[in-house]
2 protein chains.
Amino acid sequence: MPAPLRLAVIGAAHAHVRYALDEVTLREDLVLVAVADPDPATAGRYAAEFGVPAYDDHRRLLDELRPEVVMIAGVYADRAEAIVDSLHAGAHVLADKPLCTTLAELDAIEAAQHETGRFVCLLLEKRNYPETLAARALLADGSLGELVQVASTGPHKLNRPTRPDWFLTRKGYGGILGDLAVHDIDLVLLLSGASEGTIAGLADSTDPEFALHGSLLLGAGPVVATIEVNWLTPAASPYHGDYRMRLTGTGGTAELFWAQNKLLAATTDRPPWEVELPPGRRPAAEALDALSAGLEPETTTAAGFVATRVALLAQQSADAGGVVLPWTDGQQRGQAG
Amino acid sequence: MPAPLRLAVIGAAHAHVRYALDEVTLREDLVLVAVADPDPATAGRYAAEFGVPAYDDHRRLLDELRPEVVMIAGVYADRAEAIVDSLHAGAHVLADKPLCTTLAELDAIEAAQHETGRFVCLLLEKRNYPETLAARALLADGSLGELVQVASTGPHKLNRPTRPDWFLTRKGYGGILGDLAVHDIDLVLLLSGASEGTIAGLADSTDPEFALHGSLLLGAGPVVATIEVNWLTPAASPYHGDYRMRLTGTGGTAELFWAQNKLLAATTDRPPWEVELPPGRRPAAEALDALSAGLEPETTTAAGFVATRVALLAQQSADAGGVVLPWTDGQQRGQAG
């Protein structure tokens, strides 16, 4: 067996750091070498759990240990710098969402990635849910005809007293559309295959530090999507969030009830039925399989970048009162002869 | 008993003409005096059913019979002229939606209404559904806190072979957002109480004559709404349309499942429950009660105008690729001292 991939954690403020740590526990081709976080208690807790060194300065970690893969799960506003430094130190990056909090940060990440050629894999776990895998199969086999319309909702419980201070500030957290909406934006881009379109967003402006809700209108090639996200799941609800997505095609519809583990479909010929679901996939499993084999993960660097860009443009639109903005995936297109 | 209101039908191309005809059958304070439609077969069928004269020229009907109330349910592109003529002949107007198909037509209707002072009541039947009445009660008693976010879907079966030729053309039908979206736009305006905001829309552009789907992002004061409509309910679905609307407030959520006769709510303190529903109301009943008593219907002239204006602006936005447009309810605001 080749030597295991050497993983470091840089930033562990968000519990999604477990996406990578779970893989350390479960697989033999991956070893954790260190944990860095500006908060010594946070770094120390995870470091102690795995018996590895803790760092408060991620640059020192990168210099001393030269990890091959870095998992990013820190304070949102700190992520861009950690990603850029990791890329320049030669590491591939796995990142919890959001990748970063501003378009300028995204530009810096993209520049560092182009310069170094390392992979940046945004861990968009909704891609791996059973309902998503089954819905993709329905689209792929033509059951729904051509996908033309998407509507999704991403409500979350705020549990305000449990949130750290940085989370409830615009500077630390970024905006709600740049954060919560990126999952569903990514799915619209993935399912539509679109490379350009338009985006407009509106968000709660009651508290300039922290918006409780945001909505957006996304044109993605021939597909039009409406997406709402919020921190307003009622406290007494049994769900953290009753996430759902409705896909409307020219030959059928499918509705993903992620929180209810259910996918309902109906087509021109077939009355509504509950679609049998495959097993889901762990959020970081495929990405580490790929990196371990020297390949690019399924959620490509380009896909994570464009989903992040569209989400940040939606936030920019909302900040400007809902102006419509164009987006492209940044790839050069062939010119018609 | 005072003499019954004298009702004429002008335009009977859409089956919603029954909204008024059902009232003729059910109540004694209303009498049908004539039916006009450019298509003699259409006019003749309803006229024969009620034993009244048929006209192909609505102006002759207005001149000869001077009805007090006119029900408008003709080809969408013909409605504005019929409404303007009816108002100038001194009649109040009940109108099936859409009120008209262009902003220029709406301007003409508004001008005629201002000049004559007659009421124009757009029959927005979703206001009268049991789920809507119950949801309004939840908002009114504070159960949901402040309403901040709305998401709705309005899918319909196309049944293309059953549609008349005019319906499948842009000129005869208008646009999908100007037509189907007006119900949910009206509810957002009603529930938010907003008097200004922004609107952006995107719609199917595959067939310039008839769009199969459209979506919009509506800012209405502090409320943000996403609305999708389409003609893509799968043929094998048990519903003509599984219409739904989700209301998110600062203290709770409510989801209206109109096609399923169900309203689910959850609040900060109370886990999800199915809300008991009151009886619904017939689409034209309250409006005719009001007109019979010399009063303005609950769905005011101003409400029908602003909902129509926002829907037509959404269509205009979609026609222009999704540009964001401001809207106001057209009322003069007091100036700060």
# chains A, B, ... in the order shown; residues from 1 in each chain; ligands from 1
>>> interface_residues(of="chain B", to="chain A", cutoff="6 Å", atoms="only C-alpha atoms", output="list in words")
Leu217, Pro234, Ala235, Ala236, Ser237, Gly252, Thr267, Thr268, Asp269, Arg270, Pro271, Val323 and Val324 of chain B
>>> residues_around(residues="Pro297 of chain B", least_positions_apart="2", cutoff="8 Å", atoms="only C-alpha atoms", output="ChimeraX atom specification")
/B:121,286-291,295,299-300
>>> select_by_dssp(residues="segment 32-105 of chain A", states="strand (DSSP E or B)", output="PyMOL selection string")
chain A and resi 32-36+54-55+69-72+92-95
>>> residues_around(residues="Gly175 of chain A", least_positions_apart="2", cutoff="12 Å", atoms="only C-alpha atoms", output="PyMOL selection string")
chain A and resi 76-77+98+100-103+167-173+177-182+201-205+207-215+229-230+311-319
>>> write_last_selection(atoms="N, CA and C atoms", output="short mmCIF file (atom, residue, chain, number, x, y, z; two decimals), in the first residue's frame")
data_model
loop_
_atom_site.label_atom_id
_atom_site.label_comp_id
_atom_site.auth_asym_id
_atom_site.auth_seq_id
_atom_site.Cartn_x
_atom_site.Cartn_y
_atom_site.Cartn_z
N TYR A 76 -15.48 31.71 9.10
CA TYR A 76 -15.65 31.87 7.65
C TYR A 76 -14.72 32.93 7.07
N ALA A 77 -14.56 34.03 7.78
CA ALA A 77 -13.75 35.13 7.25
C ALA A 77 -12.26 34.80 7.24
N PRO A 98 -19.02 28.02 3.82
CA PRO A 98 -18.65 28.65 2.56
C PRO A 98 -17.13 28.64 2.37
N CYS A 100 -15.43 31.03 1.27
CA CYS A 100 -14.93 32.33 1.72
C CYS A 100 -16.11 33.28 1.79
N THR A 101 -15.88 34.52 2.17
CA THR A 101 -17.00 35.42 2.46
C THR A 101 -17.11 36.61 1.51
N THR A 102 -16.12 36.82 0.63
CA THR A 102 -16.20 37.95 -0.30
C THR A 102 -15.68 37.54 -1.68
N LEU A 103 -16.08 38.31 -2.68
CA LEU A 103 -15.61 38.04 -4.05
C LEU A 103 -14.11 38.29 -4.17
N PHE A 167 -20.01 34.35 14.48
CA PHE A 167 -21.03 33.85 13.57
C PHE A 167 -22.11 34.89 13.33
N LEU A 168 -22.36 35.71 14.34
CA LEU A 168 -23.47 36.67 14.27
C LEU A 168 -23.02 38.04 13.77
N THR A 169 -21.88 38.09 13.07
CA THR A 169 -21.41 39.35 12.51
C THR A 169 -21.21 39.20 11.00
N ARG A 170 -21.43 40.28 10.29
CA ARG A 170 -21.24 40.26 8.85
C ARG A 170 -19.79 39.98 8.49
N LYS A 171 -18.86 40.53 9.27
CA LYS A 171 -17.45 40.36 8.97
C LYS A 171 -17.01 38.90 9.16
N GLY A 172 -17.44 38.28 10.23
CA GLY A 172 -17.00 36.91 10.51
C GLY A 172 -17.72 35.87 9.67
N TYR A 173 -19.01 36.10 9.45
CA TYR A 173 -19.88 35.10 8.82
C TYR A 173 -20.00 35.30 7.32
N LEU A 177 -26.77 34.69 1.91
CA LEU A 177 -26.84 34.08 0.57
C LEU A 177 -25.50 33.49 0.17
N GLY A 178 -24.41 34.15 0.59
CA GLY A 178 -23.08 33.61 0.31
C GLY A 178 -22.82 32.32 1.06
N ASP A 179 -23.52 32.12 2.17
CA ASP A 179 -23.32 30.91 2.97
C ASP A 179 -24.36 29.84 2.63
N LEU A 180 -25.58 30.01 3.14
CA LEU A 180 -26.56 28.92 3.07
C LEU A 180 -26.98 28.56 1.66
N ALA A 181 -26.99 29.53 0.76
CA ALA A 181 -27.56 29.26 -0.57
C ALA A 181 -26.62 28.47 -1.48
N VAL A 182 -25.36 28.33 -1.09
CA VAL A 182 -24.39 27.76 -2.03
C VAL A 182 -24.71 26.30 -2.38
N GLY A 201 -30.70 38.69 -5.87
CA GLY A 201 -31.02 38.26 -4.52
C GLY A 201 -31.63 39.37 -3.70
N LEU A 202 -32.38 38.98 -2.69
CA LEU A 202 -32.90 39.92 -1.69
C LEU A 202 -32.73 39.26 -0.33
N ALA A 203 -32.40 40.05 0.67
CA ALA A 203 -32.19 39.46 1.99
C ALA A 203 -32.69 40.41 3.08
N ASP A 204 -32.96 39.84 4.21
CA ASP A 204 -33.33 40.57 5.42
C ASP A 204 -32.29 41.66 5.70
N SER A 205 -32.76 42.89 5.91
CA SER A 205 -31.81 43.95 6.24
C SER A 205 -32.11 44.56 7.60
N ASP A 207 -31.18 43.60 10.64
CA ASP A 207 -29.94 43.70 11.42
C ASP A 207 -28.78 43.62 10.43
N PRO A 208 -28.05 44.72 10.24
CA PRO A 208 -26.97 44.71 9.23
C PRO A 208 -25.88 43.68 9.55
N GLU A 209 -25.80 43.23 10.78
CA GLU A 209 -24.77 42.25 11.15
C GLU A 209 -25.16 40.82 10.78
N PHE A 210 -26.46 40.52 10.81
CA PHE A 210 -26.86 39.12 10.60
C PHE A 210 -28.27 39.06 10.04
N ALA A 211 -28.38 38.59 8.81
CA ALA A 211 -29.69 38.49 8.15
C ALA A 211 -30.34 37.17 8.53
N LEU A 212 -31.64 37.20 8.78
CA LEU A 212 -32.36 35.98 9.14
C LEU A 212 -32.91 35.23 7.93
N HIS A 213 -32.96 35.90 6.78
CA HIS A 213 -33.49 35.21 5.60
C HIS A 213 -32.97 35.86 4.33
N GLY A 214 -32.97 35.08 3.26
CA GLY A 214 -32.59 35.58 1.95
C GLY A 214 -33.22 34.71 0.88
N SER A 215 -33.47 35.31 -0.29
CA SER A 215 -34.10 34.60 -1.40
C SER A 215 -33.40 35.03 -2.68
N VAL A 229 -33.53 30.71 1.71
CA VAL A 229 -32.82 30.16 2.86
C VAL A 229 -33.16 31.05 4.06
N ASN A 230 -33.11 30.48 5.24
CA ASN A 230 -33.36 31.30 6.42
C ASN A 230 -32.87 30.62 7.68
N ALA A 311 -23.11 32.41 -5.48
CA ALA A 311 -23.66 32.71 -4.15
C ALA A 311 -23.21 34.09 -3.67
N LEU A 312 -21.94 34.41 -3.89
CA LEU A 312 -21.44 35.72 -3.46
C LEU A 312 -22.03 36.85 -4.32
N LEU A 313 -22.28 36.56 -5.60
CA LEU A 313 -22.95 37.56 -6.44
C LEU A 313 -24.40 37.76 -5.98
N ALA A 314 -25.05 36.69 -5.55
CA ALA A 314 -26.41 36.82 -5.01
C ALA A 314 -26.39 37.72 -3.78
N GLN A 315 -25.38 37.53 -2.95
CA GLN A 315 -25.25 38.37 -1.76
C GLN A 315 -24.99 39.82 -2.17
N GLN A 316 -24.11 40.01 -3.16
CA GLN A 316 -23.82 41.37 -3.64
C GLN A 316 -25.08 42.01 -4.19
N SER A 317 -25.87 41.23 -4.92
CA SER A 317 -27.14 41.74 -5.46
C SER A 317 -28.06 42.17 -4.32
N ALA A 318 -28.18 41.32 -3.32
CA ALA A 318 -29.05 41.65 -2.18
C ALA A 318 -28.55 42.91 -1.47
N ASP A 319 -27.25 43.02 -1.33
CA ASP A 319 -26.69 44.21 -0.67
C ASP A 319 -27.00 45.48 -1.46
#
>>> closest_residue(among="A:Ala15, A:Ala254, A:Ala41, A:Leu62", to="Glu274 of chain A", atoms="only C-alpha atoms")
A:Ala254
>>> select_by_dssp(residues="segment 93-176 of chain A", states="alpha helix (DSSP H)", output="ChimeraX atom specification")
/A:103-116,130-140,170-173,176
>>> atom_distance(atom1="atom CA of Ala43 of chain A", atom2="atom CA of Ala3 of chain A")
25.3 Å
>>> atom_distance(atom1="atom CA of Arg59 of chain B", atom2="atom CA of Asp85 of chain B")
7.1 Å
>>> atom_distance(atom1="atom CA of Leu122 of chain A", atom2="atom CA of Leu7 of chain A")
15.7 Å
>>> closest_residue(among="B:Leu247, B:Leu87, B:Ala13, B:Ala112", to="Glu146 of chain B", atoms="only C-alpha atoms")
B:Leu247
>>> residues_around(residues="His88 of chain B", least_positions_apart="3", cutoff="12 Å", atoms="only C-alpha atoms", output="ChimeraX atom specification")
/B:59,62-63,66-68,70,81-85,91-93,108-119
>>> write_last_selection(atoms="N, CA, C and O atoms", output="mmCIF file, in the first residue's frame")
data_model
loop_
_atom_site.group_PDB
_atom_site.id
_atom_site.type_symbol
_atom_site.label_atom_id
_atom_site.label_comp_id
_atom_site.auth_asym_id
_atom_site.auth_seq_id
_atom_site.Cartn_x
_atom_site.Cartn_y
_atom_site.Cartn_z
ATOM 1 N N ARG B 59 -70.618 46.715 -26.991
ATOM 2 C CA ARG B 59 -71.023 48.124 -26.866
ATOM 3 C C ARG B 59 -72.532 48.267 -27.052
ATOM 4 O O ARG B 59 -73.179 49.073 -26.391
ATOM 5 N N LEU B 62 -74.123 47.278 -23.831
ATOM 6 C CA LEU B 62 -74.019 48.330 -22.811
ATOM 7 C C LEU B 62 -74.999 49.467 -23.103
ATOM 8 O O LEU B 62 -75.673 49.974 -22.195
ATOM 9 N N ASP B 63 -75.087 49.864 -24.382
ATOM 10 C CA ASP B 63 -75.989 50.962 -24.762
ATOM 11 C C ASP B 63 -77.446 50.600 -24.495
ATOM 12 O O ASP B 63 -78.217 51.406 -23.978
ATOM 13 N N ARG B 66 -77.668 48.987 -20.251
ATOM 14 C CA ARG B 66 -77.098 49.716 -19.109
ATOM 15 C C ARG B 66 -77.024 48.838 -17.850
ATOM 16 O O ARG B 66 -77.611 49.152 -16.807
ATOM 17 N N PRO B 67 -76.293 47.711 -17.901
ATOM 18 C CA PRO B 67 -76.177 46.856 -16.707
ATOM 19 C C PRO B 67 -75.459 47.599 -15.577
ATOM 20 O O PRO B 67 -74.668 48.509 -15.830
ATOM 21 N N GLU B 68 -75.753 47.208 -14.347
ATOM 22 C CA GLU B 68 -75.089 47.832 -13.192
ATOM 23 C C GLU B 68 -73.755 47.162 -12.876
ATOM 24 O O GLU B 68 -72.875 47.765 -12.275
ATOM 25 N N VAL B 70 -70.833 44.268 -14.610
ATOM 26 C CA VAL B 70 -70.419 43.468 -15.761
ATOM 27 C C VAL B 70 -69.382 42.447 -15.312
ATOM 28 O O VAL B 70 -68.427 42.794 -14.609
ATOM 29 N N GLU B 81 -60.434 46.465 -23.197
ATOM 30 C CA GLU B 81 -61.411 47.286 -23.919
ATOM 31 C C GLU B 81 -62.814 47.085 -23.335
ATOM 32 O O GLU B 81 -63.572 48.046 -23.155
ATOM 33 N N ALA B 82 -63.144 45.844 -23.018
ATOM 34 C CA ALA B 82 -64.468 45.566 -22.454
ATOM 35 C C ALA B 82 -64.629 46.233 -21.086
ATOM 36 O O ALA B 82 -65.705 46.742 -20.745
ATOM 37 N N ILE B 83 -63.555 46.243 -20.302
ATOM 38 C CA ILE B 83 -63.622 46.862 -18.974
ATOM 39 C C ILE B 83 -63.780 48.379 -19.103
ATOM 40 O O ILE B 83 -64.629 48.992 -18.447
ATOM 41 N N VAL B 84 -62.959 48.980 -19.963
ATOM 42 C CA VAL B 84 -63.026 50.439 -20.144
ATOM 43 C C VAL B 84 -64.420 50.840 -20.622
ATOM 44 O O VAL B 84 -65.036 51.784 -20.097
ATOM 45 N N ASP B 85 -64.951 50.110 -21.583
ATOM 46 C CA ASP B 85 -66.288 50.432 -22.101
ATOM 47 C C ASP B 85 -67.351 50.254 -21.018
ATOM 48 O O ASP B 85 -68.281 51.058 -20.911
ATOM 49 N N ALA B 91 -71.053 50.936 -15.335
ATOM 50 C CA ALA B 91 -71.144 49.661 -14.615
ATOM 51 C C ALA B 91 -69.942 49.456 -13.697
ATOM 52 O O ALA B 91 -68.840 49.927 -13.981
ATOM 53 N N HIS B 92 -70.181 48.740 -12.584
ATOM 54 C CA HIS B 92 -69.074 48.157 -11.830
ATOM 55 C C HIS B 92 -68.593 46.924 -12.599
ATOM 56 O O HIS B 92 -69.359 46.322 -13.352
ATOM 57 N N VAL B 93 -67.332 46.547 -12.347
ATOM 58 C CA VAL B 93 -66.751 45.423 -13.078
ATOM 59 C C VAL B 93 -66.294 44.335 -12.111
ATOM 60 O O VAL B 93 -65.610 44.621 -11.123
ATOM 61 N N ALA B 108 -54.951 52.271 -19.169
ATOM 62 C CA ALA B 108 -56.245 52.705 -19.712
ATOM 63 C C ALA B 108 -57.384 52.341 -18.764
ATOM 64 O O ALA B 108 -58.321 53.128 -18.550
ATOM 65 N N ILE B 109 -57.312 51.150 -18.179
ATOM 66 C CA ILE B 109 -58.348 50.729 -17.226
ATOM 67 C C ILE B 109 -58.326 51.645 -15.997
ATOM 68 O O ILE B 109 -59.369 52.101 -15.523
ATOM 69 N N GLU B 110 -57.125 51.923 -15.495
ATOM 70 C CA GLU B 110 -57.026 52.782 -14.308
ATOM 71 C C GLU B 110 -57.578 54.177 -14.601
ATOM 72 O O GLU B 110 -58.283 54.764 -13.768
ATOM 73 N N ALA B 111 -57.269 54.688 -15.793
ATOM 74 C CA ALA B 111 -57.761 56.027 -16.150
ATOM 75 C C ALA B 111 -59.286 56.033 -16.204
ATOM 76 O O ALA B 111 -59.938 56.946 -15.675
ATOM 77 N N ALA B 112 -59.864 55.009 -16.821
ATOM 78 C CA ALA B 112 -61.329 54.940 -16.927
ATOM 79 C C ALA B 112 -61.962 54.791 -15.546
ATOM 80 O O ALA B 112 -63.017 55.362 -15.260
ATOM 81 N N GLN B 113 -61.305 54.040 -14.684
ATOM 82 C CA GLN B 113 -61.852 53.842 -13.338
ATOM 83 C C GLN B 113 -61.792 55.148 -12.540
ATOM 84 O O GLN B 113 -62.744 55.511 -11.849
ATOM 85 N N HIS B 114 -60.672 55.862 -12.656
ATOM 86 C CA HIS B 114 -60.556 57.133 -11.932
ATOM 87 C C HIS B 114 -61.602 58.125 -12.422
ATOM 88 O O HIS B 114 -62.184 58.882 -11.651
ATOM 89 N N GLU B 115 -61.855 58.090 -13.727
ATOM 90 C CA GLU B 115 -62.802 59.023 -14.324
ATOM 91 C C GLU B 115 -64.237 58.726 -13.891
ATOM 92 O O GLU B 115 -65.029 59.637 -13.649
ATOM 93 N N THR B 116 -64.560 57.440 -13.792
ATOM 94 C CA THR B 116 -65.959 57.053 -13.555
ATOM 95 C C THR B 116 -66.264 56.765 -12.094
ATOM 96 O O THR B 116 -67.433 56.779 -11.697
ATOM 97 N N GLY B 117 -65.232 56.436 -11.308
ATOM 98 C CA GLY B 117 -65.472 56.131 -9.896
ATOM 99 C C GLY B 117 -66.177 54.807 -9.653
ATOM 100 O O GLY B 117 -66.582 54.509 -8.526
ATOM 101 N N ARG B 118 -66.333 53.991 -10.688
ATOM 102 C CA ARG B 118 -66.939 52.660 -10.496
ATOM 103 C C ARG B 118 -65.894 51.722 -9.874
ATOM 104 O O ARG B 118 -64.695 51.974 -9.943
ATOM 105 N N PHE B 119 -66.357 50.626 -9.272
ATOM 106 C CA PHE B 119 -65.434 49.639 -8.701
ATOM 107 C C PHE B 119 -65.001 48.629 -9.763
ATOM 108 O O PHE B 119 -65.804 48.231 -10.615
#
>>> residues_around(residues="Leu133 of chain A", least_positions_apart="4", cutoff="10 Å", atoms="only C-alpha atoms", output="MDAnalysis selection string")
chainID A and resid 126:129 137:138 277:281
>>> decode(residues="segment 250-276 of chain A", atoms="N, CA and C atoms", output="PDB file, in the first residue's frame")
ATOM      1  N   THR A 250     -39.746  18.970 -18.452  1.00  0.00           N
ATOM      2  CA  THR A 250     -40.764  18.997 -19.497  1.00  0.00           C
ATOM      3  C   THR A 250     -41.556  17.693 -19.547  1.00  0.00           C
ATOM      4  N   GLY A 251     -41.074  16.652 -18.835  1.00  0.00           N
ATOM      5  CA  GLY A 251     -41.786  15.377 -18.853  1.00  0.00           C
ATOM      6  C   GLY A 251     -42.129  14.838 -17.479  1.00  0.00           C
ATOM      7  N   GLY A 252     -41.855  15.611 -16.438  1.00  0.00           N
ATOM      8  CA  GLY A 252     -42.164  15.110 -15.106  1.00  0.00           C
ATOM      9  C   GLY A 252     -41.599  16.013 -14.029  1.00  0.00           C
ATOM     10  N   THR A 253     -41.960  15.705 -12.796  1.00  0.00           N
ATOM     11  CA  THR A 253     -41.476  16.488 -11.661  1.00  0.00           C
ATOM     12  C   THR A 253     -40.914  15.545 -10.600  1.00  0.00           C
ATOM     13  N   ALA A 254     -40.014  16.074  -9.791  1.00  0.00           N
ATOM     14  CA  ALA A 254     -39.490  15.308  -8.663  1.00  0.00           C
ATOM     15  C   ALA A 254     -39.316  16.264  -7.503  1.00  0.00           C
ATOM     16  N   GLU A 255     -39.642  15.813  -6.318  1.00  0.00           N
ATOM     17  CA  GLU A 255     -39.486  16.672  -5.151  1.00  0.00           C
ATOM     18  C   GLU A 255     -38.647  15.945  -4.115  1.00  0.00           C
ATOM     19  N   LEU A 256     -37.537  16.585  -3.763  1.00  0.00           N
ATOM     20  CA  LEU A 256     -36.608  16.020  -2.790  1.00  0.00           C
ATOM     21  C   LEU A 256     -36.964  16.562  -1.413  1.00  0.00           C
ATOM     22  N   PHE A 257     -37.313  15.646  -0.511  1.00  0.00           N
ATOM     23  CA  PHE A 257     -37.571  16.007   0.882  1.00  0.00           C
ATOM     24  C   PHE A 257     -36.390  15.466   1.675  1.00  0.00           C
ATOM     25  N   TRP A 258     -35.291  16.250   1.703  1.00  0.00           N
ATOM     26  CA  TRP A 258     -34.060  15.736   2.293  1.00  0.00           C
ATOM     27  C   TRP A 258     -34.226  15.384   3.768  1.00  0.00           C
ATOM     28  N   ALA A 259     -34.921  16.247   4.508  1.00  0.00           N
ATOM     29  CA  ALA A 259     -35.039  16.013   5.951  1.00  0.00           C
ATOM     30  C   ALA A 259     -35.962  14.842   6.247  1.00  0.00           C
ATOM     31  N   GLN A 260     -36.806  14.508   5.283  1.00  0.00           N
ATOM     32  CA  GLN A 260     -37.771  13.427   5.486  1.00  0.00           C
ATOM     33  C   GLN A 260     -37.345  12.149   4.776  1.00  0.00           C
ATOM     34  N   ASN A 261     -36.143  12.169   4.181  1.00  0.00           N
ATOM     35  CA  ASN A 261     -35.622  10.992   3.481  1.00  0.00           C
ATOM     36  C   ASN A 261     -36.614  10.452   2.468  1.00  0.00           C
ATOM     37  N   LYS A 262     -37.041  11.342   1.584  1.00  0.00           N
ATOM     38  CA  LYS A 262     -38.098  10.961   0.654  1.00  0.00           C
ATOM     39  C   LYS A 262     -37.903  11.688  -0.666  1.00  0.00           C
ATOM     40  N   LEU A 263     -38.150  10.977  -1.749  1.00  0.00           N
ATOM     41  CA  LEU A 263     -38.147  11.580  -3.085  1.00  0.00           C
ATOM     42  C   LEU A 263     -39.433  11.164  -3.775  1.00  0.00           C
ATOM     43  N   LEU A 264     -40.265  12.149  -4.125  1.00  0.00           N
ATOM     44  CA  LEU A 264     -41.512  11.872  -4.834  1.00  0.00           C
ATOM     45  C   LEU A 264     -41.367  12.319  -6.276  1.00  0.00           C
ATOM     46  N   ALA A 265     -41.829  11.495  -7.193  1.00  0.00           N
ATOM     47  CA  ALA A 265     -41.762  11.855  -8.607  1.00  0.00           C
ATOM     48  C   ALA A 265     -43.100  11.579  -9.267  1.00  0.00           C
ATOM     49  N   ALA A 266     -43.338  12.246 -10.386  1.00  0.00           N
ATOM     50  CA  ALA A 266     -44.514  11.991 -11.222  1.00  0.00           C
ATOM     51  C   ALA A 266     -44.109  12.349 -12.641  1.00  0.00           C
ATOM     52  N   THR A 267     -44.641  11.633 -13.601  1.00  0.00           N
ATOM     53  CA  THR A 267     -44.288  11.938 -14.988  1.00  0.00           C
ATOM     54  C   THR A 267     -45.545  11.977 -15.841  1.00  0.00           C
ATOM     55  N   THR A 268     -45.342  12.266 -17.100  1.00  0.00           N
ATOM     56  CA  THR A 268     -46.455  12.288 -18.042  1.00  0.00           C
ATOM     57  C   THR A 268     -47.242  10.983 -17.984  1.00  0.00           C
ATOM     58  N   ASP A 269     -46.523   9.873 -17.849  1.00  0.00           N
ATOM     59  CA  ASP A 269     -47.173   8.564 -17.926  1.00  0.00           C
ATOM     60  C   ASP A 269     -47.420   7.904 -16.576  1.00  0.00           C
ATOM     61  N   ARG A 270     -46.753   8.385 -15.549  1.00  0.00           N
ATOM     62  CA  ARG A 270     -46.779   7.643 -14.286  1.00  0.00           C
ATOM     63  C   ARG A 270     -47.229   8.539 -13.141  1.00  0.00           C
ATOM     64  N   PRO A 271     -48.309   8.135 -12.453  1.00  0.00           N
ATOM     65  CA  PRO A 271     -48.776   8.915 -11.302  1.00  0.00           C
ATOM     66  C   PRO A 271     -47.697   8.963 -10.220  1.00  0.00           C
ATOM     67  N   PRO A 272     -47.840   9.860  -9.265  1.00  0.00           N
ATOM     68  CA  PRO A 272     -46.804  10.063  -8.249  1.00  0.00           C
ATOM     69  C   PRO A 272     -46.385   8.761  -7.574  1.00  0.00           C
ATOM     70  N   TRP A 273     -45.073   8.599  -7.427  1.00  0.00           N
ATOM     71  CA  TRP A 273     -44.566   7.452  -6.688  1.00  0.00           C
ATOM     72  C   TRP A 273     -43.377   7.880  -5.845  1.00  0.00           C
ATOM     73  N   GLU A 274     -43.133   7.098  -4.794  1.00  0.00           N
ATOM     74  CA  GLU A 274     -41.982   7.375  -3.945  1.00  0.00           C
ATOM     75  C   GLU A 274     -40.807   6.586  -4.502  1.00  0.00           C
ATOM     76  N   VAL A 275     -39.770   7.295  -4.853  1.00  0.00           N
ATOM     77  CA  VAL A 275     -38.635   6.695  -5.542  1.00  0.00           C
ATOM     78  C   VAL A 275     -37.748   5.965  -4.535  1.00  0.00           C
ATOM     79  N   GLU A 276     -37.334   4.763  -4.908  1.00  0.00           N
ATOM     80  CA  GLU A 276     -36.427   4.005  -4.040  1.00  0.00           C
ATOM     81  C   GLU A 276     -35.079   4.720  -3.975  1.00  0.00           C
TER      82      GLU A 276
END
